[in-house]
file upload19.cif (mmCIF, C-alpha atoms and all ligand atoms)
data_upload
loop_
_atom_site.label_atom_id
_atom_site.label_comp_id
_atom_site.auth_asym_id
_atom_site.auth_seq_id
_atom_site.Cartn_x
_atom_site.Cartn_y
_atom_site.Cartn_z
CA MET A 177 27.09 -5.38 6.32
CA PRO A 178 24.16 -3.61 8.02
CA GLU A 179 22.49 -5.29 10.98
CA LEU A 180 18.93 -6.25 11.83
CA ALA A 181 17.46 -7.30 15.17
CA PRO A 182 18.56 -10.95 15.63
CA ALA A 183 15.00 -12.36 15.56
CA LEU A 184 14.15 -10.48 12.36
CA HIS A 185 17.47 -11.53 10.80
CA ALA A 186 16.70 -15.19 11.55
CA ALA A 187 13.14 -14.89 10.18
CA LEU A 188 14.47 -13.25 7.02
CA ALA A 189 16.98 -16.09 6.57
CA ASP A 190 14.15 -18.66 6.85
CA PHE A 191 12.13 -16.72 4.28
CA ALA A 192 15.13 -16.37 1.93
CA ALA A 193 15.67 -20.15 1.97
CA HIS A 194 12.52 -20.79 -0.09
CA GLU A 195 13.03 -21.36 -3.80
CA ARG A 196 10.27 -19.08 -5.10
CA VAL A 197 9.30 -16.01 -3.10
CA LEU A 198 7.32 -12.80 -3.47
CA VAL A 199 8.59 -9.60 -1.87
CA ALA A 200 5.70 -7.13 -1.74
CA LEU A 201 6.14 -3.56 -0.49
CA ASP A 202 3.62 -0.92 0.36
CA PHE A 203 4.47 2.52 -1.06
CA ASP A 204 3.53 5.51 1.13
CA GLY A 205 5.14 5.29 4.56
CA THR A 206 7.19 2.24 3.52
CA MET A 207 9.12 2.88 0.29
CA SER A 208 8.47 6.61 0.58
CA PRO A 209 8.53 8.61 3.82
CA LEU A 210 5.17 10.28 4.49
CA VAL A 211 4.96 13.85 3.18
CA ASP A 212 2.31 16.59 3.31
CA ARG A 213 1.19 16.37 -0.33
CA PRO A 214 0.66 12.95 -1.96
CA GLN A 215 2.06 14.24 -5.26
CA ASP A 216 5.42 14.95 -3.59
CA ALA A 217 6.02 11.39 -2.36
CA ARG A 218 8.97 9.49 -3.90
CA PRO A 219 10.61 6.20 -2.95
CA LEU A 220 13.86 6.51 -1.06
CA PRO A 221 16.49 6.04 -3.80
CA ALA A 222 18.29 3.38 -1.73
CA SER A 223 15.04 1.39 -1.37
CA ALA A 224 14.21 1.65 -5.08
CA ALA A 225 17.76 0.58 -6.02
CA ALA A 226 17.76 -2.41 -3.65
CA PHE A 227 14.28 -3.44 -4.80
CA GLU A 228 15.41 -3.29 -8.42
CA GLN A 229 18.44 -5.43 -7.65
CA LEU A 230 16.37 -7.91 -5.66
CA ALA A 231 14.13 -8.43 -8.71
CA THR A 232 17.13 -9.83 -10.63
CA SER A 233 17.65 -12.58 -8.08
CA PRO A 234 16.41 -15.96 -9.47
CA GLY A 235 13.14 -17.09 -7.90
CA VAL A 236 12.32 -13.65 -6.48
CA TYR A 237 9.25 -11.71 -7.60
CA THR A 238 8.88 -8.11 -6.49
CA ALA A 239 5.65 -6.14 -6.30
CA VAL A 240 4.40 -2.80 -5.04
CA VAL A 241 1.06 -3.20 -3.30
CA SER A 242 -0.35 0.28 -2.84
CA GLY A 243 -3.49 2.12 -1.87
CA ARG A 244 -2.66 4.64 -4.60
CA ASN A 245 -4.26 4.27 -7.97
CA LEU A 246 -1.81 3.04 -10.61
CA GLN A 247 -1.62 6.37 -12.43
CA SER A 248 -0.62 8.18 -9.25
CA LEU A 249 1.81 5.37 -8.38
CA ASN A 250 3.44 5.76 -11.81
CA GLN A 251 3.90 9.48 -11.20
CA ALA A 252 5.38 8.97 -7.75
CA TYR A 253 7.62 5.98 -8.56
CA PRO A 254 10.21 6.81 -11.25
CA GLU A 255 11.24 4.12 -13.75
CA PRO A 256 12.28 1.40 -13.42
CA ARG A 257 9.27 0.23 -11.40
CA PRO A 258 8.57 -3.39 -10.50
CA GLU A 259 6.70 -5.27 -13.21
CA ILE A 260 3.97 -6.13 -10.74
CA CYS A 261 1.99 -3.26 -9.28
CA ILE A 262 -1.22 -3.49 -7.30
CA GLY A 263 -3.09 -0.18 -7.03
CA SER A 264 -6.18 1.19 -5.26
CA HIS A 265 -5.79 -1.42 -2.48
CA GLY A 266 -6.28 -4.23 -5.01
CA ALA A 267 -8.90 -2.70 -7.32
CA GLU A 268 -6.19 -2.31 -10.00
CA ARG A 269 -3.72 -5.11 -10.75
CA LEU A 270 -0.84 -4.84 -13.19
CA LEU A 271 0.88 -8.13 -13.95
CA PRO A 272 2.75 -8.69 -17.23
CA GLU A 273 1.47 -11.37 -19.58
CA HIS A 274 4.62 -13.47 -19.28
CA LEU A 275 3.80 -13.90 -15.59
CA GLY A 276 0.39 -15.28 -16.42
CA ALA A 277 -1.76 -12.19 -16.03
CA LEU A 278 -5.41 -13.07 -16.15
CA TRP A 279 -6.72 -10.01 -14.38
CA HIS A 280 -8.98 -7.50 -16.07
CA ASP A 281 -10.11 -4.46 -14.15
CA GLU A 282 -13.85 -4.79 -13.69
CA PRO A 283 -15.53 -1.63 -15.01
CA LEU A 284 -17.64 0.06 -12.36
CA SER A 285 -21.38 -0.53 -12.67
CA THR A 286 -23.73 2.39 -13.27
CA LYS A 287 -24.78 2.13 -9.63
CA GLN A 288 -21.15 2.26 -8.45
CA LEU A 289 -20.42 5.26 -10.68
CA GLN A 290 -23.44 7.09 -9.25
CA LEU A 291 -22.34 6.22 -5.75
CA LEU A 292 -18.79 7.45 -6.45
CA LYS A 293 -20.19 10.74 -7.74
CA GLU A 294 -22.42 11.09 -4.68
CA LEU A 295 -19.68 10.36 -2.13
CA THR A 296 -17.20 12.58 -3.98
CA GLY A 297 -19.65 15.49 -3.87
CA ARG A 298 -20.10 15.03 -0.12
CA LEU A 299 -16.32 14.87 0.51
CA GLU A 300 -15.69 17.91 -1.69
CA GLN A 301 -18.23 19.90 0.32
CA ILE A 302 -16.51 18.93 3.56
CA ALA A 303 -13.07 19.80 2.16
CA ALA A 304 -14.32 23.19 0.96
CA ALA A 305 -15.59 23.97 4.46
CA HIS A 306 -12.28 23.22 6.24
CA ALA A 307 -8.92 24.96 5.79
CA ASN A 308 -6.16 22.80 4.28
CA VAL A 309 -8.37 19.75 3.84
CA THR A 310 -8.12 18.32 0.34
CA VAL A 311 -9.61 15.59 -1.81
CA GLU A 312 -7.78 13.00 -3.93
CA HIS A 313 -9.64 11.27 -6.76
CA LYS A 314 -9.12 7.63 -7.71
CA PRO A 315 -10.94 5.51 -10.30
CA SER A 316 -13.08 3.76 -7.70
CA ALA A 317 -12.57 5.87 -4.58
CA THR A 318 -12.18 9.37 -3.21
CA VAL A 319 -9.86 10.26 -0.34
CA LEU A 320 -10.17 13.06 2.19
CA HIS A 321 -6.68 14.29 3.21
CA VAL A 322 -6.22 16.16 6.50
CA ARG A 323 -2.42 15.99 7.03
CA GLN A 324 -2.00 19.71 6.33
CA ALA A 325 -4.95 20.84 8.46
CA ALA A 326 -4.77 22.04 12.08
CA PRO A 327 -5.38 19.07 14.45
CA ASP A 328 -8.89 20.15 15.56
CA THR A 329 -9.90 20.93 11.97
CA ALA A 330 -8.58 17.52 10.88
CA LEU A 331 -10.62 15.73 13.55
CA LYS A 332 -13.77 17.68 12.67
CA ALA A 333 -13.43 17.06 8.95
CA LEU A 334 -12.83 13.32 9.44
CA ALA A 335 -15.80 13.00 11.81
CA GLN A 336 -18.08 14.87 9.40
CA ALA A 337 -16.93 12.72 6.50
CA LYS A 338 -17.61 9.52 8.43
CA SER A 339 -21.08 10.56 9.41
CA ALA A 340 -21.85 11.87 5.90
CA LEU A 341 -20.83 8.60 4.29
CA GLN A 342 -21.55 5.78 6.68
CA GLN A 343 -25.18 5.48 5.63
CA LEU A 344 -24.33 5.20 1.93
CA ASP A 345 -25.01 1.59 1.08
CA GLY A 346 -22.21 0.09 -1.05
CA VAL A 347 -19.50 2.48 0.19
CA ALA A 348 -16.61 1.13 2.28
CA LEU A 349 -14.63 3.50 4.48
CA LEU A 350 -10.89 2.91 4.90
CA GLU A 351 -9.14 4.87 7.62
CA GLY A 352 -5.47 5.55 6.96
CA LYS A 353 -2.82 7.94 8.20
CA ALA A 354 -4.44 11.42 8.10
CA VAL A 355 -6.87 10.19 5.45
CA LEU A 356 -10.34 8.75 5.11
CA GLU A 357 -10.88 6.86 1.90
CA ALA A 358 -14.38 6.11 0.62
CA THR A 359 -14.42 3.37 -1.97
CA VAL A 360 -17.07 1.64 -4.08
CA HIS A 361 -14.71 -1.27 -4.77
CA HIS A 362 -14.30 -3.83 -2.05
CA GLY A 363 -10.89 -5.37 -2.68
CA ASP A 364 -8.11 -5.23 -0.14
CA LYS A 365 -4.39 -5.86 0.10
CA GLY A 366 -4.89 -9.29 1.67
CA GLN A 367 -6.94 -10.50 -1.28
CA SER A 368 -4.33 -9.09 -3.66
CA LEU A 369 -1.47 -10.87 -1.89
CA GLN A 370 -3.39 -14.17 -1.98
CA TRP A 371 -4.06 -13.66 -5.70
CA LEU A 372 -0.37 -12.98 -6.38
CA ARG A 373 0.68 -15.97 -4.29
CA GLU A 374 -1.50 -18.21 -6.45
CA VAL A 375 -0.69 -16.71 -9.86
CA LEU A 376 3.07 -16.60 -9.21
CA ASP A 377 3.07 -19.96 -7.44
CA VAL A 378 5.43 -18.78 -4.70
CA GLN A 379 6.18 -20.69 -1.50
CA ALA A 380 6.50 -17.65 0.74
CA VAL A 381 5.48 -13.98 0.81
CA LEU A 382 7.25 -11.09 2.51
CA PHE A 383 5.02 -8.06 2.98
CA VAL A 384 6.19 -4.74 4.42
CA GLY A 385 3.71 -1.95 5.21
CA ASP A 386 3.02 0.86 7.64
CA ASP A 387 -0.66 1.77 7.56
CA VAL A 388 -3.95 0.50 8.93
CA THR A 389 -4.95 -0.79 5.48
CA ASP A 390 -1.76 -2.89 5.38
CA GLU A 391 -3.13 -4.94 8.25
CA ASN A 392 -5.36 -6.74 5.73
CA GLY A 393 -2.14 -7.85 4.06
CA PHE A 394 -0.50 -9.00 7.30
CA LYS A 395 -3.62 -10.96 8.27
CA VAL A 396 -3.37 -13.37 5.32
CA LEU A 397 0.26 -14.30 5.98
CA GLY A 398 1.01 -17.86 7.09
CA SER A 399 3.87 -19.58 8.87
CA ALA A 400 6.22 -19.56 5.83
CA ASP A 401 5.56 -15.85 5.24
CA LEU A 402 6.97 -12.75 6.87
CA GLY A 403 5.08 -9.58 7.81
CA ILE A 404 7.02 -6.47 8.77
CA LYS A 405 5.36 -3.31 10.06
CA VAL A 406 7.09 0.03 9.47
CA GLY A 407 6.89 2.32 12.50
CA ALA A 408 4.91 2.12 15.72
CA GLY A 409 1.25 1.28 16.25
CA PRO A 410 -0.93 -1.76 16.71
CA THR A 411 -0.29 -4.51 14.19
CA VAL A 412 -0.69 -8.22 13.58
CA ALA A 413 2.69 -8.28 11.82
CA THR A 414 5.27 -10.31 13.71
CA TYR A 415 8.20 -7.96 13.13
CA SER A 416 8.76 -4.25 12.73
CA ILE A 417 11.35 -1.74 11.61
CA PRO A 418 11.36 1.84 12.95
CA SER A 419 10.93 3.80 9.71
CA PRO A 420 11.28 3.72 5.88
CA ALA A 421 14.97 4.60 6.38
CA GLU A 422 15.66 1.02 7.60
CA LEU A 423 14.07 -0.61 4.52
CA PRO A 424 17.19 -0.45 2.28
CA ASP A 425 19.22 -2.43 4.87
CA LEU A 426 16.50 -5.06 5.08
CA LEU A 427 16.37 -5.44 1.29
CA ASN A 428 20.16 -5.48 0.95
CA ILE A 429 20.49 -8.22 3.56
CA LEU A 430 17.85 -10.23 1.68
CA ILE A 431 19.80 -9.74 -1.57
CA PHE A 432 22.92 -11.03 0.20
CA MET A 433 21.02 -14.04 1.58
CA ARG A 434 19.73 -14.98 -1.88
CA HIS A 435 23.25 -15.22 -3.32
O1 LIG A 501 -0.92 1.82 0.46
P1 LIG A 501 -0.02 3.01 0.29
O2 LIG A 501 0.87 2.91 -0.90
O3 LIG A 501 0.72 3.33 1.54
O4 LIG A 501 -1.03 4.21 0.01
C1 LIG A 501 -1.91 4.62 1.08
C2 LIG A 501 -2.35 6.04 0.84
O5 LIG A 501 -1.15 6.77 0.61
C3 LIG A 501 -1.27 8.13 0.29
O6 LIG A 501 -1.57 8.84 1.47
C4 LIG A 501 -0.56 8.73 2.46
O7 LIG A 501 0.66 9.28 1.95
C5 LIG A 501 0.61 10.71 1.66
C6 LIG A 501 1.97 11.11 1.08
O8 LIG A 501 3.02 10.76 1.94
C7 LIG A 501 0.25 11.47 2.95
O9 LIG A 501 0.16 12.86 2.68
C8 LIG A 501 -1.08 10.95 3.51
O10 LIG A 501 -1.36 11.58 4.75
C9 LIG A 501 -0.98 9.43 3.73
O11 LIG A 501 -2.21 8.89 4.20
C10 LIG A 501 -2.24 8.35 -0.86
O12 LIG A 501 -2.46 9.70 -1.06
C11 LIG A 501 -3.54 7.60 -0.66
O13 LIG A 501 -4.32 7.65 -1.85
C12 LIG A 501 -3.22 6.13 -0.40
O14 LIG A 501 -4.42 5.40 -0.20
#

call {"tool": "encode", "arguments": {"input": "upload19.cif", "output": "structure tokens"}}
result
Amino acid sequence: MPELAPALHAALADFAAHERVLVALDFDGTMSPLVDRPQDARPLPASAAAFEQLATSPGVYTAVVSGRNLQSLNQAYPEPRPEICIGSHGAERLLPEHLGALWHDEPLSTKQLQLLKELTGRLEQIAAAHANVTVEHKPSATVLHVRQAAPDTALKALAQAKSALQQLDGVALLEGKAVLEATVHHGDKGQSLQWLREVLDVQAVLFVGDDVTDENGFKVLGSADLGIKVGAGPTVATYSIPSPAELPDLLNILIFMRH
């Protein structure tokens, strides 16, 4: 049996003792190690296998709560995926009907579509002017990626993007790991977790994530819940694990505790 830090082990046991729980995992940097190109990311097979097994445990719901849009999540996460997937930081929500899905993606307004076009044009110009800086397109957001750029180029491109976009009314900027995301939709992972908590009627939520945007998820967790940050860095999560490589052990211990 693998081991966890004693305090985390005890907190996991408390969480596992609830009858109905939600286990929600972030994707990039949590299920999948970070890689240079977003299209190359895949979940660690041991994490995907443990997550699949956990979903068969009575009273356990599993969900991926990602900043990716659902189409890109589908490409990166081979079947079988969890039935519940939150994409675009909460702007897209996939919940099967038998779990009481009431969510319909709100179509973007004409104003939002115009804004998305405008911000995308500005980010594309910045990417074109900097070596190895790229742009990722999402239904309600555009992301500037600088992971493959030289450090000074990355800093310059990010600073230019911020100043080019911060005056655009109706655009929210999300800073992530080697990315700046500009979105016209204002959902976040915290709102999505609260929505899932209500719809699924669970008593406790476990959320694991690594990035700045995952902090919105950690912030909504209460005393029955458990927030676990992957890797170093400032966080409001109570516990942490060093890297995505430790996630399978965590999930397998939870599976054992639920039996
Ligand atoms: O919430 P997540 O599932 O963690 O998604 C957050 C962003 O992840 C992706 O970017 C990150 O992962 C890439 C692949 O490992 C990496 O190259 C990039 O530097 C990371 O920031 C994704 O491309 C974004 O759209 C997501 O918002």

call {"tool": "residues_near_point", "arguments": {"input": "upload19.cif", "point": "(-17.9, 4.1, 10.0)", "cutoff": "7 Å", "atoms": "all atoms listed in the file", "output": "list in words"}}
result
Lys338, Gln342 and Leu349 of chain A

call {"tool": "write_last_selection", "arguments": {"input": "upload19.cif", "atoms": "C-alpha atoms", "output": "mmCIF file, keeping the file's coordinate frame"}}
result
data_model
loop_
_atom_site.group_PDB
_atom_site.id
_atom_site.type_symbol
_atom_site.label_atom_id
_atom_site.label_comp_id
_atom_site.auth_asym_id
_atom_site.auth_seq_id
_atom_site.Cartn_x
_atom_site.Cartn_y
_atom_site.Cartn_z
ATOM 1 C CA LYS A 338 -17.610 9.520 8.430
ATOM 2 C CA GLN A 342 -21.550 5.780 6.680
ATOM 3 C CA LEU A 349 -14.630 3.500 4.480
#

call {"tool": "closest_atom_pairs", "arguments": {"input": "upload19.cif", "of": "stretch 178-291 of chain A", "to": "stretch 404-419 of chain A", "cutoff": "10 Å", "atoms": "all atoms listed in the file", "output": "tab-separated table"}}
result
residue	atom	partner	partner_atom	distance
A:Leu180	CA	A:Ile417	CA	8.8
A:Ala181	CA	A:Ile417	CA	9.0
A:Ala183	CA	A:Tyr415	CA	8.5
A:Leu184	CA	A:Tyr415	CA	6.5
A:Ala187	CA	A:Tyr415	CA	9.0
A:Leu201	CA	A:Ile404	CA	9.7
A:Asp202	CA	A:Val406	CA	9.8
A:Gly205	CA	A:Val406	CA	7.5
A:Thr206	CA	A:Val406	CA	6.3
A:Met207	CA	A:Ser419	CA	9.6
A:Ser208	CA	A:Ser419	CA	9.9
A:Pro209	CA	A:Ser419	CA	8.0

call {"tool": "closest_atom_pairs", "arguments": {"input": "upload19.cif", "of": "chain A", "to": "ligand LIG 501 (chain A)", "cutoff": "6 Å", "atoms": "only C-alpha atoms and all ligand atoms", "output": "Markdown table"}}
result
| residue | atom | partner | partner_atom | distance |
| --- | --- | --- | --- | --- |
| A:Asp202 | CA | A:LIG501 | O2 | 4.9 |
| A:Phe203 | CA | A:LIG501 | O2 | 3.6 |
| A:Asp204 | CA | A:LIG501 | O3 | 3.6 |
| A:Gly205 | CA | A:LIG501 | O3 | 5.7 |
| A:Leu210 | CA | A:LIG501 | O8 | 3.4 |
| A:Val211 | CA | A:LIG501 | O8 | 3.9 |
| A:Asp212 | CA | A:LIG501 | O9 | 4.4 |
| A:Arg213 | CA | A:LIG501 | O9 | 4.7 |
| A:Pro214 | CA | A:LIG501 | C6 | 3.8 |
| A:Ala217 | CA | A:LIG501 | O8 | 5.3 |
| A:Ser242 | CA | A:LIG501 | O2 | 3.5 |
| A:Gly243 | CA | A:LIG501 | O1 | 3.5 |
| A:Arg244 | CA | A:LIG501 | O13 | 4.4 |
| A:Arg323 | CA | A:LIG501 | O10 | 5.1 |
| A:Gly352 | CA | A:LIG501 | O11 | 5.4 |
| A:Lys353 | CA | A:LIG501 | O11 | 4.2 |
| A:Ala354 | CA | A:LIG501 | O10 | 4.6 |
| A:Val355 | CA | A:LIG501 | O11 | 5.0 |

call {"tool": "closest_residue", "arguments": {"input": "upload19.cif", "among": "A:Ala400, A:Leu350, A:Val197, A:Ile302", "to": "A:Val388", "atoms": "all atoms listed in the file"}}
result
A:Leu350

call {"tool": "residues_around", "arguments": {"input": "upload19.cif", "residues": "A:Gln379", "least_positions_apart": "5", "cutoff": "10 Å", "atoms": "only C-alpha atoms", "output": "PyMOL selection string"}}
result
chain A and resi 191+194-198+373-374+400-401

call {"tool": "atom_distance", "arguments": {"input": "upload19.cif", "atom1": "atom CA of A:Ala252", "atom2": "atom CA of A:Ala337"}}
result
26.7 Å

call {"tool": "atom_distance", "arguments": {"input": "upload19.cif", "atom1": "atom CA of A:Leu376", "atom2": "atom CA of A:Ala186"}}
result
24.9 Å

call {"tool": "atom_distance", "arguments": {"input": "upload19.cif", "atom1": "atom CA of A:Ser233", "atom2": "atom CA of A:His265"}}
result
26.6 Å
